[in-house]
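Source file: structure-v7.txt (compact mmCIF, C-alpha atoms)
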```txt
# COMPACT_ATOMS: atom_id res chain seq x y z
CA MET V 27 68.13 2.97 -144.08
CA PRO V 28 66.34 0.78 -146.63
CA ASN V 29 63.66 1.36 -149.20
CA ILE V 30 61.22 -1.56 -149.50
CA ILE V 31 59.63 -3.18 -152.53
CA ALA V 32 57.30 -6.12 -151.90
CA ILE V 33 56.11 -8.63 -154.53
CA GLU V 34 52.93 -10.60 -153.86
CA ASN V 35 52.63 -14.24 -154.78
CA SER V 36 51.41 -15.00 -158.33
CA GLU V 37 52.46 -17.03 -161.35
CA ALA V 38 54.10 -13.88 -162.72
CA GLN V 39 56.15 -13.28 -159.57
CA ARG V 40 59.53 -14.58 -160.81
CA ARG V 41 59.25 -12.54 -164.00
CA GLN V 42 58.26 -9.45 -162.00
CA LEU V 43 61.22 -9.99 -159.68
CA THR V 44 63.68 -10.41 -162.56
CA ALA V 45 62.33 -7.32 -164.30
CA LYS V 46 62.59 -5.21 -161.14
CA ILE V 47 66.16 -6.35 -160.42
CA HIS V 48 67.15 -5.49 -164.00
CA GLU V 49 65.43 -2.09 -163.80
CA LEU V 50 67.18 -1.19 -160.54
CA ALA V 51 70.57 -2.37 -161.82
CA GLU V 52 70.26 -0.04 -164.81
CA LYS V 53 69.53 2.82 -162.41
CA GLY V 54 72.63 2.10 -160.31
CA TRP V 55 71.41 -0.35 -157.65
CA PRO V 56 73.10 -3.70 -158.43
CA LEU V 57 71.96 -6.94 -156.84
CA SER V 58 74.28 -7.85 -153.97
CA GLY V 59 72.57 -10.97 -152.62
CA LYS V 60 69.50 -13.16 -152.24
CA TYR V 61 68.56 -14.57 -148.84
CA GLU V 62 65.89 -16.67 -147.20
CA ALA V 63 63.93 -14.85 -144.50
CA ASN V 64 64.96 -17.46 -141.93
CA THR V 65 68.56 -16.29 -142.40
CA PHE V 66 67.55 -13.29 -140.27
CA GLY V 67 64.53 -14.58 -138.37
CA THR V 68 62.96 -11.24 -137.44
CA TRP V 69 62.31 -7.86 -138.98
CA GLU V 70 64.63 -6.29 -136.42
CA LYS V 71 67.56 -8.56 -137.37
CA LEU V 72 66.93 -7.93 -141.07
CA PHE V 73 67.05 -4.16 -140.57
CA GLU V 74 70.15 -4.38 -138.37
CA THR V 75 71.95 -6.33 -141.06
CA ALA V 76 70.78 -4.12 -143.92
CA ILE V 77 72.08 -0.93 -142.29
CA THR V 78 75.37 -2.34 -140.98
CA PRO V 79 78.18 -0.31 -142.61
CA GLY V 80 80.57 -2.34 -144.73
CA LEU V 81 78.47 -5.53 -144.95
CA PHE V 82 76.73 -4.52 -148.17
CA ALA V 83 78.02 -2.28 -150.95
CA GLN V 84 76.74 1.26 -151.39
CA ARG V 85 73.58 1.51 -153.51
CA GLU V 86 72.62 -2.13 -153.51
CA VAL V 87 69.62 -4.39 -153.88
CA ILE V 88 69.02 -7.37 -151.61
CA VAL V 89 66.26 -9.91 -152.16
CA ILE V 90 64.52 -11.65 -149.26
CA GLU V 91 62.55 -14.78 -150.13
CA ASN V 92 59.51 -16.02 -148.13
CA ALA V 93 59.20 -12.68 -146.34
CA GLU V 94 55.81 -13.64 -144.89
CA SER V 95 57.66 -15.71 -142.26
CA PHE V 96 58.73 -12.49 -140.51
CA GLY V 97 55.15 -11.92 -139.40
CA LYS V 98 53.50 -8.53 -138.97
CA PHE V 99 55.76 -5.56 -139.63
CA PRO V 100 56.56 -3.85 -136.30
CA ASP V 101 55.38 -0.27 -135.89
CA GLY V 102 58.70 0.70 -134.33
CA LEU V 103 60.61 0.18 -137.57
CA ALA V 104 58.29 2.21 -139.78
CA ASN V 105 60.29 5.43 -139.37
CA LEU V 106 63.43 3.68 -140.69
CA ILE V 107 62.01 3.22 -144.18
CA GLU V 108 63.39 5.59 -146.83
CA ASP V 109 62.14 6.59 -150.26
CA ASP V 110 63.42 5.16 -153.53
CA ASN V 111 66.66 7.15 -153.29
CA ALA V 112 67.88 5.02 -150.37
CA ASP V 113 71.29 3.36 -150.69
CA CYS V 114 69.78 -0.04 -149.86
CA ILE V 115 66.67 -1.35 -151.57
CA MET V 116 65.14 -4.51 -150.13
CA ILE V 117 62.89 -6.57 -152.37
CA LEU V 118 60.64 -8.73 -150.22
CA VAL V 119 59.28 -11.77 -152.05
CA PHE V 120 56.10 -13.24 -150.55
CA SER V 121 54.65 -16.73 -150.95
CA THR V 122 51.33 -15.20 -149.88
CA ASP V 123 49.79 -11.75 -150.06
CA THR V 124 51.47 -8.79 -148.35
CA LYS V 125 49.01 -8.23 -145.50
CA ASN V 126 51.93 -8.39 -143.03
CA LEU V 127 53.01 -5.03 -144.42
CA LYS V 128 49.68 -3.27 -143.91
CA PRO V 129 51.11 -0.81 -141.31
CA ILE V 130 53.60 0.53 -143.88
CA ALA V 131 51.68 -0.07 -147.13
CA LYS V 132 51.60 3.65 -147.94
CA ASP V 133 55.36 4.03 -147.50
CA ILE V 134 56.55 1.19 -149.75
CA THR V 135 56.07 -0.15 -153.28
CA ILE V 136 53.87 -3.24 -153.57
CA ILE V 137 53.93 -5.16 -156.85
CA GLU V 138 50.59 -6.93 -157.13
CA PRO V 139 49.65 -9.95 -159.27
CA GLU V 140 49.27 -9.23 -162.95
CA ALA V 141 45.66 -8.59 -164.03
CA GLN V 142 44.07 -11.57 -165.78
CA ILE V 143 43.16 -10.97 -169.41
CA PRO V 144 39.55 -12.04 -170.17
CA PRO V 145 39.17 -14.66 -172.92
CA TRP V 146 37.68 -12.21 -175.45
CA LYS V 147 40.72 -9.91 -175.15
CA ARG V 148 43.44 -12.55 -175.28
CA LYS V 149 43.94 -12.44 -179.04
CA ASP V 150 44.64 -8.68 -179.00
CA TRP V 151 46.87 -9.12 -175.94
CA ILE V 152 48.95 -11.74 -177.76
CA LEU V 153 49.16 -9.54 -180.86
CA SER V 154 50.42 -6.74 -178.61
CA LEU V 155 53.01 -9.02 -176.97
CA ALA V 156 54.22 -10.09 -180.41
CA LYS V 157 54.62 -6.44 -181.39
CA GLU V 158 56.70 -5.85 -178.26
CA GLU V 159 58.88 -8.81 -179.28
CA LYS V 160 59.21 -7.25 -182.76
CA PHE V 161 57.50 -9.92 -184.83
CA ARG V 162 54.07 -10.49 -186.39
CA ILE V 163 51.66 -13.29 -185.61
CA ALA V 164 48.56 -13.98 -187.68
CA PRO V 165 45.30 -13.10 -185.87
CA ASP V 166 43.93 -16.65 -186.23
CA ALA V 167 47.16 -18.05 -184.79
CA ALA V 168 46.92 -15.64 -181.84
CA GLN V 169 43.27 -16.62 -181.36
CA VAL V 170 44.03 -20.35 -181.20
CA LEU V 171 47.04 -19.80 -178.94
CA GLY V 172 44.94 -17.75 -176.49
CA GLU V 173 42.15 -20.33 -176.48
CA SER V 174 44.42 -23.31 -175.92
CA ILE V 175 46.80 -22.14 -173.17
CA GLU V 176 45.21 -21.03 -169.90
CA SER V 177 48.28 -19.67 -168.08
CA GLN V 178 49.26 -16.12 -169.03
CA GLU V 179 52.86 -16.77 -168.06
CA GLU V 180 52.93 -19.82 -170.31
CA LEU V 181 51.46 -17.69 -173.08
CA ARG V 182 54.20 -15.11 -172.59
CA SER V 183 56.77 -17.89 -172.81
CA GLU V 184 55.24 -19.21 -176.03
CA VAL V 185 55.24 -15.72 -177.58
CA ARG V 186 58.95 -15.34 -176.74
CA LYS V 187 59.64 -18.76 -178.28
CA LEU V 188 57.74 -17.83 -181.43
CA ALA V 189 59.71 -14.57 -181.63
CA LEU V 190 62.93 -16.56 -181.91
CA PHE V 191 61.37 -18.72 -184.63
CA ALA V 192 59.89 -15.86 -186.65
CA GLU V 193 63.11 -14.31 -188.00
CA GLY V 194 61.27 -11.45 -189.65
CA ARG V 195 58.30 -13.34 -191.09
CA GLU V 196 54.74 -13.65 -189.86
CA VAL V 197 54.01 -16.61 -187.60
CA THR V 198 51.05 -18.56 -189.02
CA LEU V 199 48.41 -20.82 -187.52
CA SER V 200 50.32 -23.82 -188.86
CA ASP V 201 53.47 -22.62 -187.08
CA VAL V 202 51.61 -22.33 -183.78
CA GLU V 203 50.06 -25.78 -184.15
CA ASN V 204 53.47 -27.34 -184.85
CA LEU V 205 55.56 -25.41 -182.33
CA SER V 206 53.34 -24.56 -179.37
CA PHE V 207 51.35 -27.71 -178.74
CA ASP V 208 52.32 -31.12 -177.47
CA GLU V 209 50.17 -34.17 -178.13
CA GLY V 210 47.60 -32.97 -175.60
CA GLY V 211 47.44 -29.51 -177.16
CA LYS V 212 46.99 -30.94 -180.63
CA ALA V 213 44.30 -33.25 -179.29
CA GLN V 214 42.44 -30.23 -177.90
CA LEU V 215 42.58 -28.43 -181.25
CA LEU V 216 41.32 -31.56 -182.99
CA PHE V 217 38.54 -31.78 -180.40
CA LEU V 218 37.46 -28.12 -180.66
CA ASP V 219 37.48 -28.03 -184.45
CA GLY V 220 35.74 -31.40 -184.55
CA ILE V 221 32.83 -30.06 -182.51
CA CYS V 222 32.43 -26.93 -184.62
CA ASP V 223 32.74 -28.82 -187.91
CA ASN V 224 30.45 -31.65 -186.73
CA LYS V 225 33.08 -34.37 -187.02
CA PRO V 226 32.29 -36.90 -184.27
CA GLY V 227 35.33 -39.04 -185.15
CA ASP V 228 37.73 -36.13 -184.49
CA VAL V 229 35.89 -35.32 -181.27
CA ALA V 230 36.21 -38.91 -180.06
CA ARG V 231 39.93 -39.05 -180.94
CA GLY V 232 40.54 -35.79 -179.10
CA LEU V 233 38.63 -36.99 -176.04
CA LYS V 234 40.79 -40.10 -175.87
CA HIS V 235 43.74 -37.91 -174.86
CA LEU V 236 41.90 -35.14 -173.02
CA ARG V 237 40.22 -37.47 -170.52
CA ASN V 238 43.59 -38.01 -168.83
CA ALA V 239 43.65 -34.36 -167.72
CA PRO V 240 41.34 -32.26 -165.51
CA LEU V 241 38.04 -31.26 -167.10
CA LEU V 242 38.00 -27.52 -166.44
CA PRO V 243 40.64 -26.47 -169.02
CA THR V 244 38.77 -28.32 -171.77
CA LEU V 245 35.42 -26.97 -170.56
CA THR V 246 36.84 -23.45 -170.63
CA ALA V 247 38.30 -23.95 -174.11
CA ILE V 248 35.05 -25.13 -175.68
CA THR V 249 32.97 -22.36 -174.07
CA ASN V 250 35.51 -19.79 -175.31
CA ARG V 251 35.34 -21.30 -178.79
CA LEU V 252 31.52 -21.29 -178.89
CA ARG V 253 31.01 -17.88 -177.29
CA PRO V 254 30.61 -16.12 -180.67
CA ALA V 255 28.06 -18.78 -181.66
CA LEU V 256 26.10 -18.04 -178.49
CA VAL V 257 26.17 -14.30 -179.24
CA MET V 258 24.98 -14.89 -182.81
CA SER V 259 22.23 -17.20 -181.58
CA CYS V 260 20.87 -14.44 -179.35
CA PHE V 261 21.11 -11.51 -181.79
CA GLN V 262 20.23 -11.20 -185.45
CA GLY V 263 21.55 -9.14 -188.37
CA LYS V 264 23.37 -5.94 -187.52
CA TYR V 265 22.66 -6.49 -183.84
CA ALA V 266 24.73 -9.67 -183.95
CA ASP V 267 27.68 -7.73 -185.40
CA GLU V 268 27.35 -5.05 -182.73
CA ALA V 269 27.15 -7.66 -179.97
CA LEU V 270 30.20 -9.49 -181.33
CA LYS V 271 32.18 -6.25 -181.39
CA ALA V 272 31.10 -5.49 -177.83
CA ALA V 273 32.36 -8.96 -176.83
CA GLY V 274 35.74 -8.31 -178.46
CA THR V 275 35.22 -10.06 -181.82
CA ASP V 276 35.16 -7.95 -184.98
CA PRO V 277 33.13 -9.82 -187.63
CA ALA V 278 34.75 -7.74 -190.37
CA LYS V 279 38.19 -9.19 -189.63
CA LYS V 280 39.60 -12.63 -190.26
CA ASN V 281 38.93 -14.57 -187.08
CA TYR V 282 39.48 -18.30 -186.73
CA ALA V 283 37.21 -18.74 -183.72
CA LEU V 284 34.40 -16.76 -185.37
CA MET V 285 34.64 -18.88 -188.51
CA LYS V 286 34.45 -22.09 -186.47
CA SER V 287 31.61 -20.70 -184.34
CA ARG V 288 29.63 -19.96 -187.48
CA ASN V 289 30.19 -23.57 -188.55
CA ALA V 290 28.88 -24.76 -185.17
CA LEU V 291 25.80 -22.52 -185.40
CA LYS V 292 25.09 -23.78 -188.91
CA ASN V 293 25.57 -27.42 -187.87
CA PHE V 294 23.60 -27.42 -184.62
CA GLY V 295 21.29 -24.43 -184.59
CA ALA V 296 20.73 -21.66 -182.06
CA GLU V 297 18.71 -23.60 -179.49
CA ARG V 298 21.19 -26.49 -179.22
CA ILE V 299 24.09 -24.06 -178.84
CA LYS V 300 22.23 -22.23 -176.06
CA ARG V 301 21.38 -25.51 -174.32
CA PHE V 302 24.97 -26.72 -174.49
CA MET V 303 26.41 -23.46 -173.16
CA LEU V 304 23.92 -23.45 -170.30
CA GLY V 305 24.93 -27.02 -169.47
CA ALA V 306 28.61 -26.03 -169.61
CA VAL V 307 28.03 -23.20 -167.13
CA ARG V 308 26.28 -25.64 -164.81
CA LEU V 309 29.14 -28.15 -165.03
CA SER V 310 31.73 -25.43 -164.42
CA PHE V 311 29.93 -24.47 -161.21
CA LEU V 312 29.65 -28.10 -160.07
CA GLU V 313 33.36 -28.71 -160.76
CA LYS V 314 34.13 -26.15 -158.06
CA THR V 315 31.91 -27.89 -155.50
CA ASN V 316 31.74 -31.40 -154.05
CA ARG V 317 29.06 -32.30 -156.63
CA ALA V 318 31.29 -32.39 -159.72
CA GLU V 319 30.02 -34.62 -162.53
CA GLY V 320 33.42 -34.78 -164.24
CA TRP V 321 33.97 -36.07 -167.74
CA GLN V 322 30.83 -38.19 -167.61
CA GLY V 323 28.61 -35.14 -167.19
CA PHE V 324 30.53 -33.22 -169.83
CA GLU V 325 30.33 -35.98 -172.42
CA LEU V 326 26.59 -36.25 -171.83
CA ILE V 327 25.93 -32.65 -172.91
CA LEU V 328 28.60 -32.90 -175.61
CA TRP V 329 27.08 -35.92 -177.35
CA GLU V 330 23.58 -34.47 -176.94
CA LEU V 331 24.87 -31.49 -178.94
CA MET V 332 26.64 -33.63 -181.55
CA SER V 333 23.69 -35.99 -182.02
CA LYS V 334 21.30 -33.01 -182.32
CA VAL V 335 18.81 -34.40 -179.82
```
Mind turning the file's structure into structure tokens?
Amino acid sequence: MPNIIAIENSEAQRRQLTAKIHELAEKGWPLSGKYEANTFGTWEKLFETAITPGLFAQREVIVIENAESFGKFPDGLANLIEDDNADCIMILVFSTDTKNLKPIAKDITIIEPEAQIPPWKRKDWILSLAKEEKFRIAPDAAQVLGESIESQEELRSEVRKLALFAEGREVTLSDVENLSFDEGGKAQLLFLDGICDNKPGDVARGLKHLRNAPLLPTLTAITNRLRPALVMSCFQGKYADEALKAAGTDPAKKNYALMKSRNALKNFGAERIKRFMLGAVRLSFLEKTNRAEGWQGFELILWELMSKV
């Protein structure tokens, strides 16, 4: 009788599947095959095949893709599920959630989507990933990498790539800029730094490339970059330091985003920063409705900030 592991749909799903297959192989359950759910058609046929003597090797793993097509798990098969010492372990890969397995949820292992790391914790998360990969990355490089790449899986991939490049030395901000960003990524860095440093020419050059992509990633990047400036505009003195620490930014440490945020606050002042961030929140909400203002609305609040009106 089989043991069941189910993996819900997420961008991390293929990595989670690969990791689980490797883990089970090391414990003595090698992968014997991968199948589409429509190969079997029903839960009953799947179970009949999985427990047929001689068809699969002893202590094996089989992977079933698109398991949601089986429909709701039948109550009559629940008593056939074994614990994790079963000879056959079935990994069910879902293109949706695993609500079809609700009747047996307590008897199986469900691998859920990876938790999303909030923007203010991404730098530390990347530093931790680098440590796992046995190399060092400069905090400002980790900060910029976390600000510029939205997908956590893509970030993981970039960290692995940088690990191969590192060869025992620390990966710097310059390394990240040269290795991790295509033309669009470099344009975004030029754009973000241009805003903070009050360089309208750099902002305009960055926008020339960014306008060809959806607005939300750029909107997210600039609000992440200016978040410390917003905190400092709302709190003064030691209270600003305490608020920054509470938001995940230690003012006592070298921090690229904090340095640039301080430039922005110096260049534009507290009230303009607050007004821009409020406008950005409004645009973010509208982008998720049928009233989106797009790049036109974004550039309006951007140039109002840059022109200090």
When you look at Glu94 in chain V with a cut-off of 7 Å (counting only C-alpha atoms), what residues show up, excluding the ones that are within fewer than 4 positions of it in the same chain? I need them as a PyMOL selection string.
chain V and resi 120-122+126
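One distance worth recording is that between CA of Trp55 in chain V and CA of Asp123 in chain V, which is 25.6 Å.
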Give me the residues near range 172-187 of chain V as a PyMOL selection string, where near means some atom within 6 Å (using only C-alpha atoms) and where sequence neighbours in that chain fewer than 2 positions away do not count.
chain V and resi 148-149+169-170+189-190+247
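Taking CA of Ala255 in chain V and CA of Ser287 in chain V as endpoints, the distance between them is 4.8 Å.
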For each of V:Ile143, V:Leu43, V:Ala104, V:Leu245, take the minimum atom-to-atom distance to Leu233 in chain V, counting all atoms listed in the file, then give the residue where this is smallest.
V:Leu245
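CA of Arg308 in chain V to CA of Ala290 in chain V spans 20.5 Å [interatomic distance, one decimal].
Shortest atom-to-atom contact with Met332 in chain V among V:Arg85, V:Lys286, V:Lys225, V:Arg317: V:Lys225, counting all atoms listed in the file.
Shortest separation to Asp201 in chain V among V:Asp166, V:Gly227, V:Lys234, V:Ala93 occurs at residue V:Asp166, atoms counted being all atoms listed in the file.
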Sel. within 10 Å of pt (68.4, -4.7, -142.4), counting only C-alpha atoms, output as a PyMOL selection string
chain V and resi 27-28+66+68-78+88+106+114-116
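Using only C-alpha atoms, the nearest neighbour of Asp267 in chain V within the list V:Leu284, V:Gly102, V:Glu52, V:Leu309 is V:Leu284.
Across V:Phe302, V:Trp146, V:Phe191, V:Trp329, the tightest approach to Lys160 in chain V is made by V:Phe191 when counting all atoms listed in the file.
Each of V:Glu209, V:Asp276, V:Glu138, V:Asp223 was compared to Pro165 in chain V using only C-alpha atoms, and V:Asp276 turns out to be the nearest.
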Using all atoms listed in the file, give me every residue within 10 Å of (29.4, -26.3, -185.6) in file coordinates, as a ChimeraX atom specification.
/V:218-225,252,255,285-295,299,331-332
Ala296 in chain V surroundings by only C-alpha atoms, 9 Å radius, close-in-sequence under 5 positions cut, as a list in words:
Ala255, Leu256, Met258, Ser259, Cys260, Leu291 and Arg301 of chain V
Taking C-alpha atoms for each residue, export the selection above as a PDB file, in the frame of the given file.
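This is the output file result-v1.pdb:
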```pdb
ATOM      1  CA  ALA V 255      28.060 -18.780-181.660  1.00  0.00           C
ATOM      2  CA  LEU V 256      26.100 -18.040-178.490  1.00  0.00           C
ATOM      3  CA  MET V 258      24.980 -14.890-182.810  1.00  0.00           C
ATOM      4  CA  SER V 259      22.230 -17.200-181.580  1.00  0.00           C
ATOM      5  CA  CYS V 260      20.870 -14.440-179.350  1.00  0.00           C
ATOM      6  CA  LEU V 291      25.800 -22.520-185.400  1.00  0.00           C
ATOM      7  CA  ARG V 301      21.380 -25.510-174.320  1.00  0.00           C
TER       8      ARG V 301
END
```
